[in-house]
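A.B. asks: Here it is, the structure in full.
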Amino acid sequence: MLQRFFILAAASLLIAASEPPKQVPVPEAKPQQETPEQPTSPKKGEASQEQVQPPPENTVPKPQDKPETPSSQEAVPAGSDKASETASEKKLEDGKQETDKATDGKPADGKTAEEKPAEEKKVEEPAPEPVMQENPEDLKACLSQLKELGAEFREIEPIKGEEDGCGIAAPLEVTAVLPGIKLEPKGTMRCEAALALSRWTKDVVLPTAKIAMPDRQVTAFGNASTYICRNRNSAATGKMSEHAKGNAVDIATMTFDKGEPLVMKPRAEDGTMEGAFQRSITTAACLFFRTVLSPGSDATHQDHLHLDVLERKGGYLYCR
């Protein structure tokens, strides 16, 4: 009996020794290293964690961006400071738009090129050529040949020109192209032009007139123009005329000892002897002159025959 008591007591002691004391803290499991979570987009209708969680303590709040100026569509109470600022900004912006619109595609003065006065437009004119100087030997030979043909002329003082680009270095005043054939009125030109006129008269005009009108003799040329300082075709701008250099002669009529003068006019369809005569002498004129413009060749040459000795590159002739 006593032995059974000792066995029970020993078993109770063993059971009591196996239970841990209630006051001793239980050791916790070692925490695992946390890996940064990838941000996930919140589901529709749910707020993100950043929006729900309050900002950590002891942190300075990040300054927020200044709100944008409300658009014109947002209602602003009338009379408020905000309304005044908005109106001022709008006025400034509208003023800038008006300035941009006013200067768009126009000069600073608000006028287009077409609206500016004509005097303000700068027209580029070709540089004036200096007065052509004569080669002394060539001039001496020309004067000698002109005298041999029987032309009547006199040498006059150099013409320096009323305007830039005009003038004749050694001008002649011609009164007759051949003996008995006058230039009316007298004309001023270079010797080269006078010599070409005399040769053409001697070798073409007189023989052709003898064939076409054997009972009539040429007595004078009606001089429409010789030296005159002007542009081509009397235009306001452009190149200088060969008349301004003493290189050209315009003939308006031919006078005979009998009958009416032959008036220079378009005769392409003229089937008379006068028409044939005019066409023949104007065509042959390009054998002596470098430019020949017959009556009717263009709008500015309807009533005269233009002849000049303009020298072109390669000896090119212009005959119409």
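Ordering of the structure tokens sets the chain letters (A, B, ...); residue numbers start at 1 within each chain; ligands are numbered from 1 in the order shown.
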List as an NGL selection string the protein and nucleic acid residues near A:Gln217, meaning an atom at most 10 Å away when only C-alpha atoms are counted, but skip any in the same chain fewer than 3 places from it.
C.D. replies: :A and (180-181 or 206 or 209-210 or 213-214 or 220 or 255-258)
A.B. asks: Do a neighbour search on A:Leu149 at 12 Å with only C-alpha atoms, toss out local chain neighbours closer than 5 positions, and write the hits as JSON, numbers by chain.
C.D. replies: {"A": [142, 143, 144, 176, 177, 178, 179, 180, 181, 194, 195, 196, 197, 198, 199, 200, 201, 202, 203]}
A.B. asks: From the set A:Gly222, A:Leu262, A:Asp164, A:Pro185, which residue has the shortest atom-to-atom contact distance to A:Ala276, counting only C-alpha atoms?
C.D. replies: A:Leu262
A.B. asks: Closest to A:Ser234 among A:His301, A:Val309, A:Ala141, A:Gly187, using only C-alpha atoms?
C.D. replies: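 With only C-alpha atoms as the atom set, the closest residue is A:His301.
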A.B. asks: Please determine, counting only C-alpha atoms, which residue among A:Ala285, A:Ile159, A:Met132, A:Ala252 has the shortest atom-to-atom distance to A:Glu173.
C.D. replies: A:Ile159
A.B. asks: I want to know what sits within 7 Å of stretch 304-308 of chain A, based on only C-alpha atoms, with residues of the same chain fewer than 4 positions away left out; could you give that as JSON, numbers by chain?
C.D. replies: {"A": [193, 242, 247, 248, 249, 250, 251, 252, 264, 265, 289, 290, 291, 292, 293, 294, 295]}
A.B. asks: Near A:Arg267, counting only C-alpha atoms, which residues have an atom at most 12 Å away, once you skip same-chain residues fewer than 6 positions from it, shown as an MDAnalysis selection string?
C.D. replies: chainID A and resid 273:280 282 294:297 302:305
A.B. asks: In Å, rounded to a single decimal, give me how far atom CA of A:Glu134 is from atom CA of A:Gly167.
C.D. replies: 12.2 Å
